[in-house]
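Enquirer: Structure file structure_29.txt, compact mmCIF, C-alpha atoms, is pasted below:
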# COMPACT_ATOMS: atom_id res chain seq x y z
CA ASP A 271 -66.77 33.85 11.35
CA ALA A 272 -68.01 30.28 10.86
CA ALA A 273 -67.98 30.51 7.07
CA ALA A 274 -64.45 31.80 7.05
CA ALA A 275 -63.37 29.07 9.41
CA ALA A 276 -64.99 26.43 7.23
CA ALA A 277 -63.32 27.85 4.17
CA ALA A 278 -60.00 27.85 5.90
CA GLY A 279 -60.47 24.26 6.95
CA GLY A 280 -61.47 23.30 3.46
CA GLY A 281 -58.35 24.94 2.16
CA LEU A 282 -56.34 22.38 4.10
CA THR A 283 -58.36 19.19 3.93
CA GLY A 284 -61.59 19.83 2.15
CA ALA A 285 -62.65 18.44 -1.15
CA GLY A 286 -62.10 21.73 -2.86
CA ALA A 287 -58.47 21.92 -1.88
CA SER A 288 -55.58 21.17 -4.22
CA PRO A 289 -53.97 17.86 -3.25
CA PRO A 290 -50.37 18.07 -2.01
CA PRO A 291 -47.79 17.18 -4.62
CA PRO A 292 -46.70 13.54 -4.46
CA ALA A 293 -43.42 12.87 -2.72
CA ALA A 294 -40.59 12.60 -5.21
CA ALA A 295 -39.52 9.02 -5.72
CA PRO A 296 -35.90 8.41 -4.76
CA SER A 297 -33.61 8.29 -7.74
CA ALA A 298 -31.87 5.13 -8.78
CA ALA A 299 -28.55 6.73 -7.79
CA HIS A 300 -29.80 7.45 -4.27
CA LEU A 301 -31.18 3.94 -3.92
CA LEU A 302 -27.83 2.50 -5.01
CA GLU A 303 -25.97 4.73 -2.57
CA ASP A 304 -28.23 3.67 0.29
CA ALA A 305 -27.89 0.00 -0.65
CA LEU A 306 -24.09 0.22 -0.77
CA GLU A 307 -23.95 1.95 2.60
CA LEU A 308 -26.16 -0.75 4.11
CA TRP A 309 -24.00 -3.46 2.52
CA ALA A 310 -20.81 -1.89 3.88
CA SER A 311 -22.30 -1.55 7.35
CA ALA A 312 -23.40 -5.19 7.33
CA LEU A 313 -19.86 -6.28 6.44
CA ARG A 314 -18.29 -4.14 9.15
CA HIS A 315 -20.52 -5.75 11.77
CA ALA A 316 -20.50 -9.30 10.37
CA PRO A 317 -18.97 -11.77 12.84
CA ALA A 318 -18.19 -14.42 10.22
CA TYR A 319 -18.00 -15.08 6.49
CA THR A 320 -21.22 -16.94 5.68
CA ALA A 321 -22.65 -18.38 2.48
CA ASP A 322 -25.09 -15.46 2.23
CA VAL A 323 -22.28 -12.94 2.53
CA ASP A 324 -20.27 -14.83 -0.08
CA ALA A 325 -23.18 -14.92 -2.52
CA LEU A 326 -23.36 -11.12 -2.58
CA ALA A 327 -19.65 -10.83 -3.40
CA ALA A 328 -20.31 -11.80 -7.02
CA GLY A 329 -21.48 -8.22 -7.55
CA LEU A 330 -18.17 -6.62 -6.54
CA ALA A 331 -16.30 -6.91 -9.85
CA PRO A 332 -19.14 -5.49 -11.98
CA LEU A 333 -19.55 -2.69 -9.46
CA ALA A 334 -15.85 -1.78 -9.58
CA THR A 335 -15.79 -1.67 -13.39
CA GLY A 336 -19.16 0.03 -13.89
CA ASP A 337 -20.12 3.63 -13.20
CA GLY A 338 -17.10 5.59 -12.03
CA ASP A 339 -19.04 6.96 -9.07
CA ALA A 340 -19.42 3.42 -7.73
CA LEU A 341 -15.69 2.69 -7.63
CA ARG A 342 -15.04 4.22 -4.22
CA PRO A 343 -17.79 2.28 -2.40
CA ALA A 344 -16.80 -0.83 -4.38
CA LEU A 345 -13.25 -0.52 -3.06
CA THR A 346 -14.56 -0.12 0.48
CA LEU A 347 -16.58 -3.30 0.06
CA ILE A 348 -13.66 -5.25 -1.42
CA ASP A 349 -11.48 -4.17 1.48
CA SER A 350 -14.10 -5.31 4.00
CA TYR A 351 -14.66 -8.59 2.16
CA ALA A 352 -10.93 -9.34 2.17
CA LEU A 353 -10.69 -8.71 5.90
CA LEU A 354 -13.78 -10.79 6.62
CA GLY A 355 -13.41 -13.64 4.14
CA GLY A 356 -9.65 -14.03 3.78
CA GLU A 357 -8.79 -17.15 1.83
CA ALA A 358 -12.44 -18.14 1.26
CA PHE A 359 -13.09 -14.80 -0.43
CA ARG A 360 -9.91 -15.11 -2.50
CA ALA A 361 -10.73 -18.64 -3.65
CA ALA A 362 -14.24 -17.73 -4.75
CA HIS A 363 -13.83 -14.19 -6.08
CA GLY A 364 -10.14 -13.23 -6.06
CA ALA A 365 -9.50 -13.59 -9.79
CA ALA A 366 -12.55 -11.52 -10.75
CA VAL A 367 -11.79 -8.84 -8.18
CA VAL A 368 -8.13 -8.49 -9.22
CA ALA A 369 -9.15 -8.30 -12.90
CA ALA A 370 -11.60 -5.53 -12.03
CA LEU A 371 -8.96 -3.63 -10.07
CA ARG A 372 -6.55 -3.89 -13.00
CA ALA A 373 -9.20 -2.52 -15.36
CA ALA A 374 -10.00 0.33 -12.99
CA LEU A 375 -6.35 1.23 -12.37
CA ASP A 376 -5.80 2.47 -15.91
CA SER A 377 -8.97 4.55 -16.00
CA VAL A 378 -8.98 6.50 -12.74
CA ARG A 379 -7.26 9.64 -11.56
CA GLU A 380 -4.50 9.59 -8.98
CA ARG A 381 -6.86 9.66 -6.01
CA GLY A 382 -8.48 6.53 -7.37
CA VAL A 383 -5.07 4.93 -7.91
CA LEU A 384 -4.22 5.56 -4.26
CA ALA A 385 -7.52 4.02 -3.15
CA ILE A 386 -6.86 0.92 -5.26
CA LEU A 387 -3.35 0.62 -3.82
CA ASP A 388 -4.77 0.80 -0.30
CA VAL A 389 -7.02 -2.16 -1.10
CA LEU A 390 -4.06 -3.96 -2.70
CA ASP A 391 -2.17 -3.56 0.56
CA THR A 392 -5.01 -5.26 2.41
CA LEU A 393 -5.16 -8.12 -0.09
CA LEU A 394 -1.42 -8.72 0.29
CA ALA A 395 -1.79 -8.71 4.07
CA VAL A 396 -4.71 -11.12 4.41
CA TRP A 397 -4.54 -13.56 1.50
CA PRO A 398 -2.20 -16.54 1.95
CA PRO A 399 1.24 -15.65 0.57
CA PRO A 400 1.62 -18.17 -2.29
CA ALA A 401 -1.87 -17.53 -3.64
CA ALA A 402 -1.74 -13.79 -3.08
CA ALA A 403 1.67 -13.42 -4.70
CA SER A 404 0.80 -15.17 -7.95
CA LEU A 405 -2.65 -13.60 -8.24
CA ILE A 406 -1.66 -10.05 -7.38
CA ALA A 407 1.69 -9.81 -9.21
CA PRO A 408 0.09 -8.56 -12.49
CA LEU A 409 -1.80 -5.84 -10.61
CA VAL A 410 1.41 -4.77 -8.88
CA GLY A 411 3.10 -4.69 -12.28
CA ASP A 412 0.38 -2.37 -13.60
CA ALA A 413 0.88 -0.07 -10.62
CA LEU A 414 4.66 -0.09 -11.04
CA ALA A 415 4.74 0.66 -14.75
CA PRO A 416 4.49 4.47 -14.46
CA VAL A 417 7.11 4.47 -11.70
CA LEU A 418 9.67 3.14 -14.21
CA GLY A 419 8.99 5.83 -16.79
CA PRO A 420 6.22 6.90 -19.14
CA ARG A 421 4.53 3.71 -20.31
CA GLY A 422 1.05 2.32 -20.63
CA PRO A 423 -2.01 4.55 -21.02
CA ARG A 424 -0.86 7.30 -18.64
CA ARG A 425 1.02 10.15 -20.27
CA ARG A 426 1.85 12.18 -17.17
CA PRO A 427 4.39 10.97 -14.59
CA PRO A 428 2.82 9.93 -11.28
CA SER A 429 2.98 12.16 -8.22
CA GLY A 430 5.29 11.36 -5.36
CA VAL A 431 2.54 9.93 -3.18
CA VAL A 432 1.53 7.51 -5.94
CA VAL A 433 5.15 6.43 -6.45
CA ALA A 434 5.48 5.89 -2.69
CA ALA A 435 2.27 3.84 -2.49
CA ALA A 436 3.13 1.73 -5.54
CA ALA A 437 6.65 1.08 -4.24
CA ALA A 438 5.28 0.11 -0.82
CA SER A 439 2.86 -2.40 -2.35
CA ALA A 440 5.55 -3.84 -4.62
CA LEU A 441 7.98 -4.29 -1.74
CA ARG A 442 5.29 -5.87 0.42
CA LEU A 443 4.85 -8.35 -2.42
CA ALA A 444 8.63 -8.91 -2.36
CA ALA A 445 8.43 -9.74 1.34
CA LEU A 446 5.94 -12.49 0.45
CA SER A 447 7.67 -13.77 -2.68
CA PRO A 448 10.75 -12.35 -4.41
CA ALA A 449 9.83 -14.42 -7.47
CA ALA A 450 6.39 -12.81 -7.67
CA PHE A 451 7.99 -9.38 -7.31
CA SER A 452 10.32 -10.20 -10.22
CA ALA A 453 7.31 -11.23 -12.29
CA ALA A 454 5.56 -7.96 -11.44
CA LEU A 455 8.64 -5.95 -12.37
CA ALA A 456 8.95 -7.82 -15.68
CA SER A 457 5.27 -7.13 -16.36
CA ALA A 458 5.79 -3.42 -15.70
CA VAL A 459 8.80 -3.23 -18.02
CA ALA A 460 6.90 -5.08 -20.74
CA ARG A 461 4.25 -2.36 -21.00
CA PRO A 462 4.97 -0.28 -24.11
CA PRO A 463 6.82 2.95 -23.32
CA HIS A 464 6.00 6.21 -25.02
CA GLY A 465 7.58 9.60 -25.46
CA ALA A 466 11.34 9.80 -25.01
CA ALA A 467 11.34 6.45 -23.20
CA ALA A 468 10.21 4.66 -26.37
CA ALA A 469 13.48 5.39 -28.14
CA GLY A 470 15.59 3.75 -25.48
CA GLY A 471 14.04 0.30 -25.65
CA ALA A 472 13.15 -1.88 -22.70
CA PRO A 473 15.63 -1.81 -19.80
CA THR A 474 17.22 -5.01 -18.58
CA GLU A 475 15.77 -6.62 -15.47
CA GLU A 476 18.73 -5.45 -13.37
CA ALA A 477 18.44 -1.89 -14.72
CA ALA A 478 14.70 -1.85 -14.02
CA LEU A 479 15.28 -3.16 -10.50
CA GLN A 480 17.88 -0.52 -9.78
CA ALA A 481 15.61 2.24 -11.11
CA PHE A 482 12.77 0.96 -8.97
CA LEU A 483 14.91 0.84 -5.83
CA VAL A 484 16.14 4.40 -6.43
CA ALA A 485 12.51 5.53 -6.67
CA ALA A 486 11.48 3.52 -3.60
CA HIS A 487 14.28 4.95 -1.47
CA GLY A 488 13.61 8.47 -2.69
CA HIS A 489 9.97 8.22 -1.63
CA LEU A 490 10.35 6.23 1.57
CA ASP A 491 9.63 9.33 3.65
CA ILE A 492 6.15 9.76 2.22
CA MET A 493 4.93 6.21 2.58
CA PHE A 494 1.86 6.83 4.69
CA THR A 495 2.69 5.05 7.95
CA ALA A 496 5.67 3.74 9.84
CA ARG A 497 4.20 0.26 9.43
CA ARG A 498 4.12 0.59 5.65
CA ARG A 499 7.72 1.81 5.58
CA ARG A 500 8.79 -1.09 7.78
CA MET A 501 7.11 -3.68 5.56
CA ALA A 502 8.61 -2.05 2.46
CA VAL A 503 12.15 -2.20 3.84
CA LEU A 504 11.57 -5.78 4.97
CA GLY A 505 10.64 -6.59 1.36
CA TRP A 506 13.83 -4.91 0.10
CA VAL A 507 15.90 -6.93 2.58
CA THR A 508 14.08 -10.09 1.45
CA LEU A 509 15.06 -9.34 -2.15
CA LEU A 510 18.70 -8.97 -1.12
CA ALA A 511 18.62 -12.25 0.79
CA ALA A 512 17.15 -14.02 -2.25
CA ALA A 513 19.71 -12.59 -4.72
CA PRO A 514 22.77 -11.46 -2.74
CA ALA A 515 24.95 -11.30 -5.86
CA SER A 516 22.57 -9.05 -7.82
CA THR A 517 24.43 -6.09 -9.31
CA ALA A 518 21.38 -3.85 -8.88
CA LEU A 519 20.96 -4.79 -5.23
CA LEU A 520 24.68 -4.34 -4.57
CA ALA A 521 24.60 -0.92 -6.22
CA SER A 522 21.64 0.05 -4.03
CA LEU A 523 23.18 -1.31 -0.83
CA PRO A 524 23.97 2.17 0.58
CA ALA A 525 20.34 3.19 0.05
CA LEU A 526 19.16 0.02 1.77
CA VAL A 527 21.40 0.64 4.78
CA ASP A 528 19.95 4.16 5.00
CA ALA A 529 16.40 2.78 4.67
CA VAL A 530 16.97 0.24 7.44
CA VAL A 531 18.23 2.99 9.72
CA GLN A 532 15.23 5.18 8.87
CA VAL A 533 12.82 2.42 9.85
CA LEU A 534 14.66 1.53 13.02
CA ALA A 535 14.66 5.23 13.88
CA ASP A 536 10.88 5.21 13.46
CA ASP A 537 10.67 2.38 15.97
CA ALA A 538 13.18 3.69 18.49
CA PRO A 539 14.32 7.27 17.85
CA ALA A 540 16.61 7.33 20.87
CA ALA A 541 18.21 3.93 20.37
CA GLY A 542 21.94 3.63 19.89
CA GLY A 543 22.98 7.21 20.42
CA GLY A 544 20.06 9.47 21.22
CA GLY A 545 18.66 12.50 19.49
CA GLU A 546 21.79 13.66 17.69
CA ALA A 547 22.21 10.33 15.97
CA PHE A 548 18.61 10.41 14.81
CA ALA A 549 18.65 14.07 13.82
CA ASN A 550 20.63 13.78 10.64
CA VAL A 551 21.58 10.16 10.32
CA VAL A 552 18.09 9.77 8.91
CA ALA A 553 18.36 11.98 5.87
CA ARG A 554 14.73 12.98 5.46
CA SER A 555 13.67 15.84 3.26
CA GLY A 556 12.02 18.54 5.33
CA GLU A 557 13.47 17.41 8.67
CA GLY A 558 16.36 19.39 10.03
CA VAL A 559 18.83 19.01 12.86
CA GLY A 560 17.05 19.16 16.17
CA ASP A 561 14.08 17.00 15.24
CA GLY A 562 15.54 14.01 17.00
CA GLY A 563 13.57 14.02 20.24
CA ALA A 564 10.14 14.11 18.62
CA ASP A 565 7.85 11.42 17.32
CA ALA A 566 9.61 9.81 14.39
CA ASP A 567 6.51 9.97 12.20
CA ASP A 568 5.95 13.09 10.15
CA ASP A 569 2.82 11.88 8.39
CA GLY A 570 0.17 12.22 11.06
CA TRP A 571 0.24 8.54 12.00
CA ASP A 572 -0.75 7.94 15.59
CA PRO A 573 0.90 4.79 17.01
CA THR A 574 -1.87 4.41 19.58
CA PRO A 575 -4.37 1.87 18.24
CA PRO A 576 -7.92 3.24 17.92
CA PRO A 577 -10.60 1.76 20.13
CA VAL A 578 -12.26 -1.33 18.69
CA SER A 579 -15.96 -0.70 18.07
CA THR A 580 -16.94 -3.21 15.35
CA PRO A 581 -15.80 -6.69 14.38
CA GLU A 582 -14.06 -5.15 11.37
CA ASP A 583 -12.02 -2.91 13.67
CA ALA A 584 -10.84 -6.05 15.44
CA ARG A 585 -9.92 -7.62 12.11
CA ARG A 586 -7.91 -4.53 11.13
CA ALA A 587 -6.15 -4.57 14.49
CA ALA A 588 -5.19 -8.20 13.91
CA VAL A 589 -3.68 -7.33 10.51
CA ALA A 590 -1.71 -4.47 12.10
CA ALA A 591 -0.44 -6.80 14.84
CA ALA A 592 0.68 -9.33 12.22
CA ASP A 593 2.52 -6.58 10.35
CA ASP A 594 4.21 -5.48 13.57
CA ALA A 595 5.30 -9.06 14.25
CA ALA A 596 6.69 -9.37 10.71
CA GLY A 597 8.42 -6.00 10.95
CA GLY A 598 10.01 -7.06 14.21
CA ARG A 599 12.08 -9.51 12.20
CA LEU A 600 13.75 -6.70 10.25
CA PRO A 601 17.00 -6.42 12.25
CA ALA A 602 17.67 -10.17 12.09
CA ALA A 603 16.66 -10.33 8.41
CA ALA A 604 18.93 -7.40 7.57
CA ARG A 605 21.90 -8.96 9.38
CA ALA A 606 21.39 -12.22 7.47
CA ALA A 607 20.98 -10.48 4.09
CA PHE A 608 24.06 -8.30 4.56
CA GLY A 609 26.07 -11.33 5.61
CA ALA A 610 24.90 -13.30 2.57
CA THR A 611 25.85 -10.41 0.30
CA ALA A 612 29.34 -10.17 1.78
CA ALA A 613 29.82 -13.88 1.21
CA ALA A 614 28.44 -13.78 -2.32
CA VAL A 615 30.33 -10.78 -3.71
CA GLY A 616 33.49 -10.96 -1.63
CA GLY A 617 34.84 -8.75 1.09
CA ASP A 618 36.38 -6.13 -1.18
CA ALA A 619 33.23 -5.49 -3.23
CA TYR A 620 31.10 -5.48 -0.08
CA ALA A 621 33.44 -3.05 1.66
CA ALA A 622 33.43 -0.81 -1.41
CA ALA A 623 29.63 -0.71 -1.38
CA LEU A 624 29.56 0.14 2.32
CA GLY A 625 32.19 2.79 1.67
CA ARG A 626 29.52 4.81 -0.12
CA VAL A 627 27.33 4.90 3.01
CA ASP A 628 27.33 8.09 5.07
CA GLU A 629 29.64 7.47 8.03
CA ARG A 630 27.00 8.37 10.63
CA VAL A 631 24.42 6.17 8.94
CA LEU A 632 26.88 3.28 8.91
CA ARG A 633 27.74 3.74 12.60
CA GLN A 634 24.06 3.76 13.48
CA ALA A 635 23.37 0.65 11.39
CA GLN A 636 26.28 -1.19 13.00
CA ALA A 637 25.05 -0.23 16.46
CA TRP A 638 21.46 -1.29 15.86
CA LEU A 639 22.25 -4.41 13.88
CA ALA A 640 25.30 -5.33 15.97
CA THR A 641 27.34 -5.94 12.81
How does this structure look as structure tokens?
Expert:
Amino acid sequence: DAAAAAAAGGGLTGAGASPPPPAAAPSAAHLLEDALELWASALRHAPAYTADVDALAAGLAPLATGDGDALRPALTLIDSYALLGGEAFRAAHGAAVVAALRAALDSVRERGVLAILDVLDTLLAVWPPPAAASLIAPLVGDALAPVLGPRGPRRRPPSGVVVAAAAASALRLAALSPAAFSAALASAVARPPHGAAAAGGAPTEEAALQAFLVAAHGHLDIMFTARRRRMAVLGWVTLLAAAPASTALLASLPALVDAVVQVLADDAPAAGGGGEAFANVVARSGEGVGDGGADADDDGWDPTPPPVSTPEDARRAAVAAADDAAGGRLPAAARAAFGATAAAVGGDAYAAALGRVDERVLRQAQAWLAT
């Protein structure tokens, strides 16, 4: 009836009705999350590094060293800023950002370490080599320290993927500046060891270098992409060219020859002898005879570049193209480094080192390098 209808209406909007509960105000955490997402989106779509964009970058270091939940978005922002701002970003904020990354590296779990190393790879790729090398060497040293044995604040040995990522970043640094790599290695060794390693004292620079190269070669297979492996081996070759008489580099020469062949097999699995040559000349754990005709990558990397949809995608594609151009110099760089080593140590010592190389690996290297 009419009264019932009126009552029903009043129950919804009338004066006698209970008011609806007020909408819950968004939490500070949600507001921060939304703001960071908006910031990241603005950077991805930014066509140029402007004064307004630069002014906001002052908040990156505090964000990376603040609440642990903010580290992941902070790393995303730093990565985008490096791609967008390049040298201008480094000059204005590089020291603060690297200091924040060093502070975060010792306080995060392995997933966080991997995320920091991904950003480090970008910084090494886009900052000018002399500036990048000197600024980033201490951070690389921090990342390398656990690879050389239990030292620093971490008590557990790193996983294989962390060793691979740290080695890749260190060798990319070596490709830019062997001197900066040596400084990073010295910084890693200087960190106080603990456990059984403390009793042995600090290793010599040559011993530390040899231990690092053993670890790098042993984890080459699980560096995330063919491009990262290529840049790592280019860095190793650069070290050999800079110090062809090094006892550590001479001792690791068979591993370097194998690494060069692995990378060249990634680039051209059928080159210089077809599938059989690739099948076991590249001694990869988990790959057996008969794998030779397939895609050389076993890590899910797709060599087809993704479609460019934002300005940041174009910037990433440019970095990848620069890496490919640098990696294309590997055969010539390897030939020069091996020749310099033969001249520096003498034919007998050089032949003895090559005598420890698997015969099929050596044949493949000689075919591809025309040595």
Enquirer: With only C-alpha atoms as the atoms that count, which of A:Glu475, A:Val459, A:Thr580, A:Ala486 lies nearest to Ala312 in chain A?
Expert: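 Result for the nearest residue to Ala312 in chain A: A:Thr580.
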Enquirer: Using only C-alpha atoms, collect all residues at a distance of at most 7 Å from (-2.6, -6.5, 5.7) as written in the file, then present them as a list in words.
Expert: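 Checked against the point, the hits come out as Asp391, Thr392, Leu393, Leu394, Ala395, Val396, Val589, Ala590 and Asp593 of chain A.
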Enquirer: So, with all atoms listed in the file as the atoms that count, which of A:Ala588, A:Ala445, A:Val368, A:Ala436 lies closest to Pro408 in chain A?
Expert: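 Nearest candidate to Pro408 in chain A out of A:Ala588, A:Ala445, A:Val368, A:Ala436: A:Val368.
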Enquirer: Record the distance separating CA of His487 in chain A and CA of Ala591 in chain A, expressed in Å with one decimal.
Expert: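 Atom-to-atom, CA of His487 in chain A to CA of Ala591 in chain A, that is 24.9 Å.
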Enquirer: Which distance in Å separates CA of Ala477 in chain A and CA of Ala612 in chain A, to one decimal?
Expert: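 Interatomic distance, CA of Ala477 in chain A to CA of Ala612 in chain A: 21.4 Å.
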Enquirer: Taking only C-alpha atoms into account, which of A:Ala361, A:Leu313, A:Ala604, A:Leu624 comes nearest Leu534 in chain A?
Expert: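 Ranking A:Ala361, A:Leu313, A:Ala604, A:Leu624 by distance to Leu534 in chain A, first place goes to A:Ala604.
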Enquirer: Report, in Å with one decimal, the straight-line distance from CA of Gln636 in chain A to CA of Ala444 in chain A.
Expert: 24.6 Å
Enquirer: Could you pull the residues within 6 Å of Ala454 in chain A, counting only C-alpha atoms, minus those fewer than 6 positions along the same chain, as an NGL selection string?
Expert: :A and (407-408 or 410-411)
Enquirer: Kindly export the residues of the current selection with C-alpha atoms, as a PDB file, keeping the file's coordinate frame.
Expert:
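again.pdb was written with the following content:
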ATOM      1  CA  ALA A 407       1.690  -9.810  -9.210  1.00  0.00           C
ATOM      2  CA  PRO A 408       0.090  -8.560 -12.490  1.00  0.00           C
ATOM      3  CA  VAL A 410       1.410  -4.770  -8.880  1.00  0.00           C
ATOM      4  CA  GLY A 411       3.100  -4.690 -12.280  1.00  0.00           C
TER       5      GLY A 411
END
Enquirer: Range 453-507 of chain A near range 381-390 of chain A within 12 Å: what's each residue's closest atom pair and its distance in Å to one decimal, counting all atoms listed in the file, ordered by chain then ascending residue number, as CSV?
Expert:
residue,atom,partner,partner_atom,distance
A:Met493,CA,A:Leu384,CA,11.4
A:Phe494,CA,A:Asp388,CA,10.3
A:Thr495,CA,A:Asp388,CA,11.9
A:Arg498,CA,A:Asp388,CA,10.7
Enquirer: Smallest atom-to-atom distance to Ala401 in chain A: which of A:Ala450, A:Leu526, A:Ala369, A:Ala595, using all atoms listed in the file?
Expert: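 Selected residue with least distance to Ala401 in chain A: A:Ala450.
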Enquirer: To test the calculation: enclose all listed atoms of range 350-366 of chain A in a box whose edges run along x, y and z, add 5 Å on each side, then state centre and edge lengths in Å to one decimal, as lines of an AutoDock Vina configuration file.
Expert:
center_x = -11.7
center_y = -12.0
center_z = -2.1
size_x = 15.9
size_y = 23.3
size_z = 27.4
Enquirer: I need the residue nearest Leu632 in chain A from this list: A:Asp594, A:Ser447, A:Ala606, A:Val531. Use all atoms listed in the file for the distance.
Expert: A:Val531
Enquirer: Hey, which of A:Val527, A:Met501, A:Ala613, A:Ala485 ends up closest to Ala592 in chain A? Count only C-alpha atoms.
Expert: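 Distance minimum relative to Ala592 in chain A lands on A:Met501.
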